[in-house]
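Have a look at coords_19.cif below; it lists mmCIF, C-alpha atoms.
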```cif
data_data
#
loop_
_atom_site.label_atom_id
_atom_site.label_comp_id
_atom_site.auth_asym_id
_atom_site.auth_seq_id
_atom_site.Cartn_x
_atom_site.Cartn_y
_atom_site.Cartn_z
CA MET D 13 -28.93 179.09 -112.54
CA THR D 14 -26.02 179.66 -114.88
CA SER D 15 -22.87 177.61 -114.60
CA GLU D 16 -20.90 180.48 -113.05
CA GLU D 17 -23.41 180.89 -110.25
CA ARG D 18 -22.59 178.90 -107.21
CA PHE D 19 -25.22 176.54 -105.81
CA GLU D 20 -26.37 177.96 -102.49
CA PRO D 21 -27.87 175.17 -100.42
CA LYS D 22 -30.70 175.64 -97.94
CA ILE D 23 -29.64 174.26 -94.61
CA VAL D 24 -31.84 173.94 -91.56
CA GLY D 25 -30.16 173.73 -88.16
CA PHE D 26 -31.93 172.56 -85.03
CA LEU D 27 -29.90 174.04 -82.19
CA CYS D 28 -30.28 173.21 -78.54
CA ASN D 29 -31.04 176.32 -76.50
CA TRP D 30 -28.52 175.62 -73.75
CA CYS D 31 -25.38 174.71 -75.66
CA SER D 32 -25.35 174.98 -79.43
CA TYR D 33 -27.53 178.09 -79.71
CA ALA D 34 -25.29 179.81 -77.19
CA GLY D 35 -22.34 178.47 -79.20
CA ALA D 36 -23.74 180.11 -82.32
CA ASP D 37 -24.18 183.30 -80.31
CA LEU D 38 -20.56 183.13 -79.22
CA ALA D 39 -19.50 182.62 -82.83
CA GLY D 40 -21.28 185.87 -83.58
CA THR D 41 -19.92 187.90 -80.69
CA SER D 42 -16.38 186.64 -81.29
CA ARG D 43 -16.69 187.65 -84.98
CA ALA D 44 -16.21 184.13 -86.31
CA SER D 45 -17.82 183.96 -89.72
CA TYR D 46 -19.99 181.11 -90.91
CA PRO D 47 -22.09 180.63 -94.07
CA GLN D 48 -25.44 182.37 -94.42
CA ASN D 49 -27.01 179.20 -95.78
CA LEU D 50 -27.90 178.05 -92.30
CA ARG D 51 -31.43 178.70 -91.03
CA ILE D 52 -31.31 178.27 -87.29
CA ILE D 53 -34.29 176.94 -85.36
CA ARG D 54 -33.92 177.11 -81.61
CA VAL D 55 -35.23 174.10 -79.73
CA PRO D 56 -35.17 173.48 -75.97
CA CYS D 57 -33.05 170.34 -76.32
CA SER D 58 -31.70 168.07 -79.04
CA GLY D 59 -34.06 165.46 -77.54
CA ARG D 60 -36.93 167.72 -78.61
CA VAL D 61 -36.03 167.32 -82.26
CA ASP D 62 -38.61 164.85 -83.45
CA PRO D 63 -37.40 162.92 -86.51
CA LEU D 64 -40.52 164.35 -88.15
CA PHE D 65 -38.91 167.82 -88.00
CA VAL D 66 -36.01 166.50 -90.04
CA LEU D 67 -38.25 164.66 -92.46
CA LYS D 68 -40.49 167.69 -92.87
CA ALA D 69 -37.47 169.94 -93.48
CA PHE D 70 -36.26 167.68 -96.27
CA GLN D 71 -39.76 167.42 -97.68
CA ASP D 72 -40.10 171.20 -97.73
CA GLY D 73 -36.90 171.66 -99.69
CA ALA D 74 -33.95 171.63 -97.31
CA ASP D 75 -30.73 170.39 -98.87
CA GLY D 76 -29.20 169.52 -95.53
CA VAL D 77 -30.26 169.33 -91.89
CA MET D 78 -28.06 169.83 -88.84
CA VAL D 79 -28.98 168.75 -85.34
CA LEU D 80 -26.64 170.24 -82.76
CA GLY D 81 -26.85 169.49 -79.06
CA CYS D 82 -24.89 169.49 -75.82
CA HIS D 83 -22.02 167.08 -75.33
CA PRO D 84 -22.98 163.75 -73.75
CA GLY D 85 -23.31 164.28 -70.01
CA ASP D 86 -23.87 168.03 -70.37
CA CYS D 87 -27.58 168.00 -71.24
CA HIS D 88 -29.58 170.61 -69.37
CA TYR D 89 -32.30 167.99 -68.98
CA GLN D 90 -29.79 165.26 -68.03
CA GLN D 91 -30.67 162.78 -70.78
CA GLY D 92 -32.17 164.46 -73.85
CA ASN D 93 -29.08 164.18 -76.02
CA TYR D 94 -28.68 160.48 -75.24
CA PHE D 95 -32.15 159.85 -76.66
CA ALA D 96 -31.32 162.06 -79.64
CA GLN D 97 -28.15 160.12 -80.34
CA ARG D 98 -29.97 156.79 -80.59
CA ARG D 99 -32.80 158.29 -82.60
CA TYR D 100 -30.56 159.92 -85.21
CA ALA D 101 -28.25 156.93 -85.54
CA LEU D 102 -31.32 155.06 -86.78
CA MET D 103 -32.86 157.96 -88.70
CA HIS D 104 -29.61 158.34 -90.61
CA ARG D 105 -29.73 154.76 -91.77
CA LEU D 106 -33.40 154.94 -92.71
CA LEU D 107 -32.97 158.15 -94.76
CA GLU D 108 -30.01 156.57 -96.49
CA PHE D 109 -32.05 153.46 -97.25
CA THR D 110 -34.88 155.48 -98.78
CA GLY D 111 -32.57 157.27 -101.18
CA LEU D 112 -31.12 160.34 -99.50
CA GLU D 113 -27.34 160.70 -99.19
CA ALA D 114 -26.30 159.96 -95.60
CA ASP D 115 -24.19 163.15 -95.43
CA ARG D 116 -27.25 165.38 -95.67
CA LEU D 117 -28.13 164.81 -92.04
CA PHE D 118 -25.49 165.93 -89.59
CA VAL D 119 -25.52 165.46 -85.84
CA GLU D 120 -22.83 166.99 -83.67
CA TRP D 121 -22.28 168.11 -80.11
CA VAL D 122 -21.37 171.80 -79.75
CA SER D 123 -21.12 173.41 -76.33
CA ALA D 124 -21.79 177.05 -75.39
CA SER D 125 -18.06 177.79 -75.28
CA GLU D 126 -17.33 176.32 -78.70
CA GLY D 127 -18.09 179.30 -80.94
CA LYS D 128 -15.15 178.46 -83.16
CA LYS D 129 -16.24 174.83 -83.46
CA PHE D 130 -19.74 175.98 -84.40
CA ALA D 131 -18.36 178.14 -87.21
CA ASP D 132 -16.11 175.29 -88.36
CA VAL D 133 -18.72 172.53 -88.47
CA THR D 134 -21.24 174.81 -90.16
CA THR D 135 -18.73 175.79 -92.83
CA ALA D 136 -17.62 172.21 -93.39
CA PHE D 137 -21.21 170.98 -93.61
CA THR D 138 -22.22 173.73 -96.03
CA ASP D 139 -19.26 172.93 -98.26
CA LYS D 140 -20.17 169.26 -98.25
CA ILE D 141 -23.78 169.97 -99.21
CA ARG D 142 -22.65 172.38 -101.92
CA GLU D 143 -20.58 169.54 -103.32
CA LEU D 144 -23.52 167.11 -103.15
CA GLY D 145 -25.84 169.50 -104.96
CA PRO D 146 -29.57 170.04 -104.48
CA SER D 147 -31.53 167.47 -102.49
CA PRO D 148 -32.74 164.59 -104.68
CA LEU D 149 -36.09 164.69 -102.87
CA LYS D 150 -36.84 168.01 -104.59
CA ARG D 151 -36.84 166.30 -107.97
CA GLU D 152 -38.28 162.97 -106.89
CA GLN D 153 -41.02 163.29 -109.51
CA GLU D 154 -38.35 163.60 -112.22
CA VAL D 155 -36.55 160.59 -110.81
CA LEU D 156 -39.82 158.69 -111.05
CA GLU D 157 -40.45 159.69 -114.67
CA GLN D 158 -36.94 158.68 -115.55
CA ALA D 159 -37.30 155.31 -113.82
CA ARG D 160 -40.56 154.73 -115.69
CA GLN D 161 -38.94 155.45 -119.03
CA GLU D 162 -36.13 153.04 -118.20
CA VAL D 163 -38.68 150.35 -117.42
CA MET D 164 -40.52 151.04 -120.67
CA ALA D 165 -37.32 150.92 -122.75
CA MET O 3 -55.89 112.87 -84.62
CA SER O 4 -57.62 116.21 -84.89
CA THR O 5 -56.39 118.96 -87.16
CA MET O 6 -54.95 122.27 -85.90
CA GLU O 7 -58.13 123.98 -86.99
CA GLU O 8 -60.28 121.67 -84.85
CA ARG O 9 -58.03 122.15 -81.84
CA ILE O 10 -58.22 125.93 -82.18
CA ARG O 11 -62.03 125.63 -82.22
CA ASP O 12 -61.96 123.33 -79.16
CA ALA O 13 -59.82 125.82 -77.23
CA ALA O 14 -62.10 128.70 -78.27
CA ARG O 15 -65.24 126.72 -77.35
CA GLU O 16 -63.81 125.89 -73.93
CA TYR O 17 -62.99 129.53 -73.16
CA LEU O 18 -66.43 130.71 -74.25
CA GLU O 19 -68.41 127.95 -72.53
CA GLN O 20 -66.57 128.44 -69.24
CA GLU O 21 -67.13 132.18 -69.67
CA LYS O 22 -63.45 132.92 -69.20
CA VAL O 23 -63.65 135.34 -72.11
CA THR O 24 -66.40 137.30 -73.82
CA CYS O 25 -64.83 137.14 -77.26
CA VAL O 26 -62.36 135.01 -79.17
CA ILE O 27 -60.38 136.72 -81.94
CA GLY O 28 -59.37 134.29 -84.67
CA TYR O 29 -59.18 133.92 -88.42
CA GLU O 30 -62.17 133.17 -90.64
CA ARG O 31 -62.73 132.93 -94.36
CA SER O 32 -65.07 135.36 -96.08
CA ALA O 33 -67.66 134.21 -98.61
CA ARG O 34 -65.15 135.12 -101.32
CA GLY O 35 -62.44 133.00 -99.71
CA VAL O 36 -60.37 135.84 -98.27
CA VAL O 37 -58.92 135.46 -94.78
CA ARG O 38 -60.20 138.05 -92.32
CA PRO O 39 -60.34 138.47 -88.55
CA ALA O 40 -63.29 136.82 -86.78
CA PHE O 41 -64.78 137.98 -83.50
CA ILE O 42 -66.55 135.01 -81.91
CA TYR O 43 -68.91 135.79 -79.02
CA GLU O 44 -70.98 132.55 -78.92
CA ALA O 45 -69.64 129.02 -78.44
CA ASP O 46 -71.90 127.87 -81.30
CA ASP O 47 -69.99 130.10 -83.74
CA VAL O 48 -66.53 128.59 -83.24
CA GLU O 49 -66.92 126.53 -86.42
CA ARG O 50 -66.18 129.73 -88.33
CA LEU O 51 -62.57 129.71 -87.10
CA ILE O 52 -59.95 128.50 -89.54
CA TRP O 53 -56.19 128.19 -89.81
CA GLY O 54 -54.09 128.00 -92.92
CA GLU O 55 -50.89 129.31 -94.43
CA ASP O 56 -52.69 132.36 -95.87
CA CYS O 57 -53.63 133.53 -92.36
CA ASN O 58 -51.27 136.49 -92.59
CA LEU O 59 -52.94 139.10 -90.38
CA ASP O 60 -51.73 140.03 -86.92
CA LEU O 61 -54.72 139.55 -84.63
CA VAL O 62 -52.99 141.27 -81.70
CA THR O 63 -53.91 144.52 -83.48
CA TYR O 64 -57.54 143.95 -82.56
CA LEU O 65 -56.77 143.82 -78.83
CA HIS O 66 -56.77 147.63 -79.04
CA ASN O 67 -60.54 147.36 -79.58
CA PHE O 68 -60.88 145.71 -76.18
CA LYS O 69 -58.50 147.76 -74.04
CA HIS O 70 -61.05 150.20 -72.61
CA PRO O 71 -64.09 149.51 -70.42
CA PRO O 72 -67.16 149.58 -72.67
CA GLY O 73 -69.03 151.78 -70.18
CA ARG O 74 -68.89 153.39 -66.78
CA GLY O 75 -68.44 150.82 -64.02
CA VAL O 76 -68.08 147.99 -66.53
CA PRO O 77 -64.82 146.03 -66.33
CA ILE O 78 -62.43 145.76 -69.28
CA PRO O 79 -63.60 142.75 -71.29
CA LYS O 80 -61.54 139.59 -71.27
CA VAL O 81 -60.72 138.24 -74.70
CA ALA O 82 -58.86 135.31 -76.21
CA VAL O 83 -56.65 135.81 -79.23
CA VAL O 84 -55.10 133.40 -81.71
CA VAL O 85 -51.39 134.25 -82.16
CA ARG O 86 -48.55 133.08 -84.34
CA PRO O 87 -44.96 133.36 -82.97
CA CYS O 88 -44.45 136.82 -84.49
CA ASP O 89 -47.80 138.04 -83.13
CA ALA O 90 -46.78 136.85 -79.65
CA ARG O 91 -43.87 139.31 -79.85
CA ALA O 92 -46.35 142.08 -80.65
CA LEU O 93 -48.27 141.04 -77.55
CA ASN O 94 -45.12 141.51 -75.46
CA LEU O 95 -44.64 144.94 -77.03
CA LEU O 96 -48.17 146.01 -76.07
CA LEU O 97 -47.65 144.63 -72.57
CA TYR O 98 -44.46 146.71 -72.24
CA GLU O 99 -46.28 149.79 -73.51
CA GLN O 100 -49.08 149.11 -71.02
CA GLN O 101 -51.78 149.00 -73.66
CA ILE O 102 -53.18 145.71 -72.43
CA GLN O 103 -53.12 143.77 -69.19
CA ARG O 104 -51.97 140.18 -69.27
CA GLU O 105 -54.83 138.97 -67.06
CA ASN O 106 -57.40 140.27 -69.54
CA VAL O 107 -56.01 138.29 -72.46
CA LYS O 108 -56.04 134.54 -73.04
CA VAL O 109 -53.47 133.58 -75.64
CA ILE O 110 -54.10 130.68 -77.99
CA GLY O 111 -50.60 130.15 -79.40
CA LEU O 112 -49.92 128.31 -82.63
CA THR O 113 -46.75 126.65 -83.76
CA CYS O 114 -46.31 128.08 -87.19
CA ALA O 115 -44.58 126.78 -90.29
CA GLY O 116 -44.72 130.17 -92.00
CA THR O 117 -47.44 132.06 -93.82
CA THR O 118 -47.87 133.46 -97.31
CA ILE O 119 -48.85 136.82 -98.81
CA ARG O 120 -50.78 136.57 -102.09
CA GLY O 121 -49.53 133.03 -102.52
CA GLU O 122 -45.86 133.93 -102.03
CA PRO O 123 -44.01 132.80 -98.88
CA ARG O 124 -43.24 135.75 -96.62
CA THR O 125 -39.61 136.88 -96.54
CA ALA O 126 -39.50 137.05 -92.75
CA CYS O 127 -40.86 133.48 -92.49
CA GLN O 128 -38.06 132.12 -94.63
CA PHE O 129 -35.53 133.35 -92.09
CA CYS O 130 -37.62 132.71 -88.98
CA SER O 131 -36.18 130.21 -86.55
CA GLU O 132 -38.91 130.69 -84.00
CA ARG O 133 -41.75 128.23 -84.36
CA VAL O 134 -43.29 128.45 -80.87
CA PRO O 135 -44.79 131.71 -79.51
CA VAL O 136 -42.85 133.39 -76.68
CA VAL O 137 -46.09 133.78 -74.73
CA TYR O 138 -49.21 131.58 -74.67
CA ASP O 139 -51.81 130.04 -72.39
CA VAL O 140 -52.75 127.16 -74.68
CA LEU O 141 -50.38 125.85 -77.32
CA ILE O 142 -51.84 124.36 -80.48
CA GLU O 143 -49.09 122.31 -82.03
CA ALA O 144 -48.71 121.66 -85.72
CA ASP O 145 -49.62 118.22 -86.99
CA GLY O 146 -46.21 117.27 -88.30
CA GLU O 147 -42.62 118.28 -87.66
CA ILE O 148 -41.71 121.79 -88.75
CA ASP O 149 -38.45 122.23 -90.60
CA VAL O 150 -36.54 125.19 -89.28
CA PRO O 151 -34.49 126.62 -92.15
CA ALA O 152 -30.76 126.98 -91.66
CA VAL O 153 -30.33 130.75 -91.58
CA GLN O 154 -27.18 131.99 -93.27
CA ASP O 155 -27.62 135.70 -93.53
CA GLU O 156 -30.91 136.83 -92.08
CA TYR O 157 -30.96 140.21 -93.79
CA ALA O 158 -29.47 139.26 -97.15
CA ASP O 159 -32.33 140.92 -99.07
CA VAL O 160 -31.84 144.24 -97.25
CA GLN O 161 -28.06 144.01 -97.56
CA GLU O 162 -28.45 143.76 -101.32
CA MET O 163 -30.23 147.12 -101.39
CA ASP O 164 -27.66 148.65 -99.03
CA ASP O 165 -25.05 148.05 -101.69
CA TRP O 166 -26.90 150.15 -104.27
CA THR O 167 -26.11 153.85 -104.79
CA PRO O 168 -28.45 156.38 -103.10
CA ALA O 169 -29.77 157.37 -106.55
CA GLU O 170 -30.70 153.77 -107.34
CA ARG O 171 -32.48 153.43 -104.02
CA LEU O 172 -34.40 156.67 -104.55
CA SER O 173 -35.44 155.52 -108.00
CA TYR O 174 -36.61 152.18 -106.54
CA TRP O 175 -38.60 153.74 -103.71
CA ALA O 176 -40.05 156.46 -105.95
CA ARG O 177 -41.56 153.72 -108.11
CA GLU O 178 -42.81 151.76 -105.10
CA PHE O 179 -44.19 154.73 -103.14
CA ASP O 180 -45.81 156.17 -106.25
CA ARG O 181 -48.34 153.32 -106.25
CA CYS O 182 -49.51 154.18 -102.73
CA ILE O 183 -53.12 155.33 -102.58
CA ARG O 184 -52.80 156.42 -98.95
CA CYS O 185 -55.57 154.13 -97.76
CA TYR O 186 -53.63 153.68 -94.48
CA ALA O 187 -54.44 149.95 -94.43
CA CYS O 188 -50.81 149.31 -93.37
CA ARG O 189 -51.35 151.51 -90.34
CA GLN O 190 -54.68 149.95 -89.43
CA ALA O 191 -53.33 146.39 -89.64
CA CYS O 192 -50.28 147.11 -87.48
CA PRO O 193 -50.34 146.18 -83.79
CA GLY O 194 -47.80 148.93 -83.04
CA CYS O 195 -49.73 151.78 -84.73
CA TYR O 196 -52.30 152.92 -82.25
CA CYS O 197 -51.97 156.70 -81.85
CA TYR O 198 -55.36 158.32 -81.29
CA GLU O 199 -54.50 160.88 -83.91
CA CYS O 200 -52.09 159.77 -86.60
CA VAL O 201 -49.48 162.25 -87.88
CA ALA O 202 -50.78 161.53 -91.38
CA GLU O 203 -54.17 162.99 -90.47
CA GLN O 204 -53.18 165.59 -87.92
CA VAL O 205 -54.25 169.12 -88.79
CA GLU O 206 -52.59 170.99 -85.95
CA PRO O 207 -49.65 170.81 -86.59
CA HIS O 208 -50.23 169.99 -90.21
CA TRP O 209 -47.33 167.66 -90.91
CA SER O 210 -48.37 166.39 -94.26
CA SER O 211 -50.93 167.44 -96.83
CA ILE O 212 -53.55 164.89 -97.89
CA ALA O 213 -52.46 165.32 -101.50
CA LEU O 214 -51.92 162.12 -103.43
CA GLU O 215 -48.47 163.23 -104.55
CA LEU O 216 -45.13 161.52 -104.37
CA PRO O 217 -43.52 163.73 -101.66
CA GLU O 218 -46.48 163.19 -99.33
CA LYS O 219 -46.43 159.45 -99.94
CA HIS O 220 -42.68 159.35 -99.33
CA PHE O 221 -43.11 161.31 -96.10
CA PHE O 222 -45.86 159.00 -94.90
CA HIS O 223 -43.95 155.77 -95.49
CA VAL O 224 -40.67 156.94 -93.96
CA MET O 225 -42.60 158.33 -90.98
CA ARG O 226 -44.58 155.11 -90.56
CA ALA O 227 -41.42 153.01 -90.69
CA PHE O 228 -39.57 155.21 -88.21
CA HIS O 229 -42.41 155.18 -85.70
CA LEU O 230 -41.97 151.41 -85.64
CA ALA O 231 -38.17 151.52 -85.33
CA GLY O 232 -37.25 149.03 -82.64
CA ARG O 233 -40.94 148.19 -82.17
CA CYS O 234 -41.75 146.28 -85.34
CA VAL O 235 -42.08 142.52 -84.87
CA GLU O 236 -41.95 141.77 -88.61
CA CYS O 237 -45.39 140.16 -88.71
CA ASP O 238 -45.77 141.79 -92.17
CA ALA O 239 -49.47 142.46 -91.63
CA CYS O 240 -48.87 145.86 -93.30
CA GLU O 241 -47.61 144.22 -96.45
CA ALA O 242 -50.36 141.60 -96.39
CA VAL O 243 -53.13 144.20 -96.40
CA CYS O 244 -51.49 146.61 -98.86
CA PRO O 245 -53.74 146.78 -101.93
CA MET O 246 -50.91 148.17 -104.05
CA ASP O 247 -48.33 145.52 -103.17
CA ILE O 248 -45.71 147.94 -101.79
CA PRO O 249 -42.76 146.06 -100.21
CA LEU O 250 -43.19 147.64 -96.76
CA SER O 251 -41.43 144.73 -95.09
CA LYS O 252 -38.17 145.93 -96.69
CA LEU O 253 -38.35 149.20 -94.73
CA ASN O 254 -39.23 147.38 -91.53
CA ARG O 255 -36.54 144.76 -92.00
CA LYS O 256 -33.92 147.43 -92.69
CA LEU O 257 -34.69 149.06 -89.35
CA ALA O 258 -34.82 145.69 -87.59
CA LYS O 259 -31.39 144.90 -89.02
CA GLU O 260 -29.92 148.19 -87.82
CA VAL O 261 -31.56 147.92 -84.40
CA GLU O 262 -30.07 144.48 -83.97
CA ALA O 263 -26.64 145.65 -85.12
CA LEU O 264 -26.60 148.82 -82.99
CA PHE O 265 -28.39 147.75 -79.85
CA GLY O 266 -28.54 143.93 -80.02
CA TYR O 267 -32.26 144.15 -79.47
CA ARG O 268 -35.10 142.09 -80.89
CA THR O 269 -38.63 143.32 -80.29
CA GLY O 270 -40.92 141.36 -78.04
CA ASP O 271 -38.56 138.86 -76.43
CA ASP O 272 -40.11 139.73 -73.08
CA PRO O 273 -42.57 142.31 -71.75
CA GLU O 274 -40.00 144.10 -69.52
CA THR O 275 -37.12 145.22 -71.74
CA ALA O 276 -37.56 148.74 -73.12
CA PRO O 277 -37.31 149.21 -76.91
CA PRO O 278 -34.00 150.90 -77.82
CA LEU O 279 -35.45 154.33 -78.58
CA ALA O 280 -37.29 154.43 -75.26
CA THR O 281 -34.08 154.13 -73.27
CA PHE O 282 -30.37 154.98 -73.57
CA ASP O 283 -26.91 154.01 -72.47
CA PRO O 284 -24.68 156.91 -71.35
CA GLN O 285 -21.56 154.93 -72.24
CA GLU O 286 -22.32 154.32 -75.88
CA GLN O 287 -20.97 156.35 -78.79
CA LEU O 288 -22.83 155.66 -81.98
CA ARG O 289 -21.50 156.16 -85.46
CA MET O 290 -23.84 158.58 -87.19
#
```
Go ahead and express the file in the form of structure tokens.
Amino acid sequence: MTSEERFEPKIVGFLCNWCSYAGADLAGTSRASYPQNLRIIRVPCSGRVDPLFVLKAFQDGADGVMVLGCHPGDCHYQQGNYFAQRRYALMHRLLEFTGLEADRLFVEWVSASEGKKFADVTTAFTDKIRELGPSPLKREQEVLEQARQEVMA
Amino acid sequence: MSTMEERIRDAAREYLEQEKVTCVIGYERSARGVVRPAFIYEADDVERLIWGEDCNLDLVTYLHNFKHPPGRGVPIPKVAVVVRPCDARALNLLLYEQQIQRENVKVIGLTCAGTTIRGEPRTACQFCSERVPVVYDVLIEADGEIDVPAVQDEYADVQEMDDWTPAERLSYWAREFDRCIRCYACRQACPGCYCYECVAEQVEPHWSSIALELPEKHFFHVMRAFHLAGRCVECDACEAVCPMDIPLSKLNRKLAKEVEALFGYRTGDDPETAPPLATFDPQEQLRM
């Protein structure tokens, strides 16, 4: 990549079928533009998003992961997003502790009527990841070699 | 006055002779002097049982071996288990998760002055203010008084790492995880790790390759820690059995710290309260 070329991050988005996926749909039909860096995966509920999905996404080269679900109280399955909220509050802190920037995981509530909000949060998140650069997990081996050399020196 | 060791043997002998249990799970010393779990089926064998500060395994783990009937029409065996205060919390966790039934387990509780791992005092023990198990049937008390340390900042060691930059933390964990040989001893020693098929070995879906490479090791350790979020009792059995000396307790303690800060929950206080990730509060709004 030359210096003029802009870093295009890979972003994986787990979108709840009932709210956020419909929100993304609305963003499309209402001609709101959002970055192409987002790869959307439709899930039945934000409560379905196992932290393993997020971990696996990062391991397989994602630079950022978004988990979007219904607003609290609006879950199609009554309670899925409440579980998700607790889970990701902890997952955030664990990922941060093991060396990933906290901003690379993003959890937000986007309803089916919030097409504009979907476009906005996606754009903002993509910009933030672009600023952060590629995921450090992708060059963990390099980080290790470097740490070894520092220890040797 | 008899020693703790002798009193543990007396309690075990009594249970076996009165046929209240078929097996007593305790600690014994191998021929090479290493502490290992002992499964005592005969009253004559209780002399094998020992107790010392290097008894750093969590024996509650082995209750999983006795949770099913051994055959059709045969009742679930009753067993007695030697527990330290931290192990007693693990027992409460398994009771909540309905892995064991209280009436099938006799608990020989020990008052504990702290244990060591490879000669070093355990971090969790230095901050532990709990010297009596939360659940027991027989209590074996220590010979002398136990000093409870004045705890200033329980998670000072984790806080120190929190203040590093993400790059520094990644560099630290890359070095630590790199040593992992993926023997899964940490998983086997843990009372909370009892899935029939572990994610690390699952083929469908294939979460993680069996390659001995850094990304796979990183994935495994973060996954293992997260599966114990809000369930870990900080018995540090994982760290005790790790052949490569990886500081797994740091990961567990980080999550314990956050769970306590976010939800005010400590694992294993009682067998009725749900761990934080198994329940929710519609009112709460968590900072992500």
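Going from CA of Ala34 in chain D over to CA of Tyr46 in chain D, you cover 14.8 Å.
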- [ ] Kindly resolve the PyMOL selection byres ((chain D and resi 45) around 9) on the present coordinates and return the residues as a PyMOL selection string.
- [x] chain D and resi 39-40+42-44+46-47+128+131-132+135
TODO: Name the residues that the PyMOL selection byres ((chain D) within 7 of (chain O)) pulls out of this structure, and write them as an MDAnalysis selection string.
DONE: chainID D and resid 64 67 71 94:95 98:99 101 104 106 108:113 152:153 155:156 159
Any chance you could export the current selection's C-alpha atoms as an mmCIF file, keeping the file's coordinate frame?
```cif
data_model
loop_
_atom_site.group_PDB
_atom_site.id
_atom_site.type_symbol
_atom_site.label_atom_id
_atom_site.label_comp_id
_atom_site.auth_asym_id
_atom_site.auth_seq_id
_atom_site.Cartn_x
_atom_site.Cartn_y
_atom_site.Cartn_z
ATOM 1 C CA LEU D 64 -40.520 164.350 -88.150
ATOM 2 C CA LEU D 67 -38.250 164.660 -92.460
ATOM 3 C CA GLN D 71 -39.760 167.420 -97.680
ATOM 4 C CA TYR D 94 -28.680 160.480 -75.240
ATOM 5 C CA PHE D 95 -32.150 159.850 -76.660
ATOM 6 C CA ARG D 98 -29.970 156.790 -80.590
ATOM 7 C CA ARG D 99 -32.800 158.290 -82.600
ATOM 8 C CA ALA D 101 -28.250 156.930 -85.540
ATOM 9 C CA HIS D 104 -29.610 158.340 -90.610
ATOM 10 C CA LEU D 106 -33.400 154.940 -92.710
ATOM 11 C CA GLU D 108 -30.010 156.570 -96.490
ATOM 12 C CA PHE D 109 -32.050 153.460 -97.250
ATOM 13 C CA THR D 110 -34.880 155.480 -98.780
ATOM 14 C CA GLY D 111 -32.570 157.270 -101.180
ATOM 15 C CA LEU D 112 -31.120 160.340 -99.500
ATOM 16 C CA GLU D 113 -27.340 160.700 -99.190
ATOM 17 C CA GLU D 152 -38.280 162.970 -106.890
ATOM 18 C CA GLN D 153 -41.020 163.290 -109.510
ATOM 19 C CA VAL D 155 -36.550 160.590 -110.810
ATOM 20 C CA LEU D 156 -39.820 158.690 -111.050
ATOM 21 C CA ALA D 159 -37.300 155.310 -113.820
#
```
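Among the candidate residues O:Ala242, O:Asp272, O:Arg233, O:Gln103, the one lying nearest to Arg124 in chain O is O:Ala242, with distances computed using only C-alpha atoms.
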Task: Explicit residues for the PyMOL selection byres ((chain O and resi 245) around 12) (as a ChimeraX atom specification) - done: /O:119-120,181-188,239-244,246-250
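By only C-alpha atoms, and with residues fewer than 6 positions from Met78 in chain D along its chain excluded, the set lying at most 9 Å from it is Ile23, Val24, Gly25, Phe26, Leu27, Leu50, Val66, Arg116, Leu117, Phe118, Val119, Glu120, Thr134 and Phe137 of chain D.
Residues in contact with Asp56 in chain O at 12 Å, where all atoms listed in the file are counted and same-chain residues fewer than 4 positions away are skipped, are listed as Tyr29, Glu30, Arg31, Gly35, Val36, Val37, Arg38, Ile52, Asp60, Cys114, Ala115, Gly116, Thr117, Thr118, Ile119, Arg120, Gly121, Glu122, Pro123, Arg124, Ala239, Ala242 and Val243 of chain O.
Going from CA of Asp145 in chain O to CA of Cys130 in chain O covers 18.9 Å.
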Task: Contacts of Ser58 in chain D within 8 Å, all atoms listed in the file, excl. fewer than 6 positions in-chain, as number ranges by chain - done: D: 26-28, 79-82, 92-93, 96
Save out the residues we just selected, C-alpha atoms, as an mmCIF file, in the frame of the given file.
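The file below, out_28.cif, is the result:
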```
data_model
loop_
_atom_site.group_PDB
_atom_site.id
_atom_site.type_symbol
_atom_site.label_atom_id
_atom_site.label_comp_id
_atom_site.auth_asym_id
_atom_site.auth_seq_id
_atom_site.Cartn_x
_atom_site.Cartn_y
_atom_site.Cartn_z
ATOM 1 C CA PHE D 26 -31.930 172.560 -85.030
ATOM 2 C CA LEU D 27 -29.900 174.040 -82.190
ATOM 3 C CA CYS D 28 -30.280 173.210 -78.540
ATOM 4 C CA VAL D 79 -28.980 168.750 -85.340
ATOM 5 C CA LEU D 80 -26.640 170.240 -82.760
ATOM 6 C CA GLY D 81 -26.850 169.490 -79.060
ATOM 7 C CA CYS D 82 -24.890 169.490 -75.820
ATOM 8 C CA GLY D 92 -32.170 164.460 -73.850
ATOM 9 C CA ASN D 93 -29.080 164.180 -76.020
ATOM 10 C CA ALA D 96 -31.320 162.060 -79.640
#
```
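The interatomic distance for the pair CA of Tyr267 in chain O and CA of Val136 in chain O works out to 15.4 Å.
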Open item on the list: Applying 9 Å and only C-alpha atoms, which residues near range 13-28 of chain O remain after dropping the ones on its own chain fewer than 2 positions away? List them as a ChimeraX atom specification.
Closed with: /O:8-11,30,38-48,50-53,61-62,64-65,79-85,106-108,110,140,142
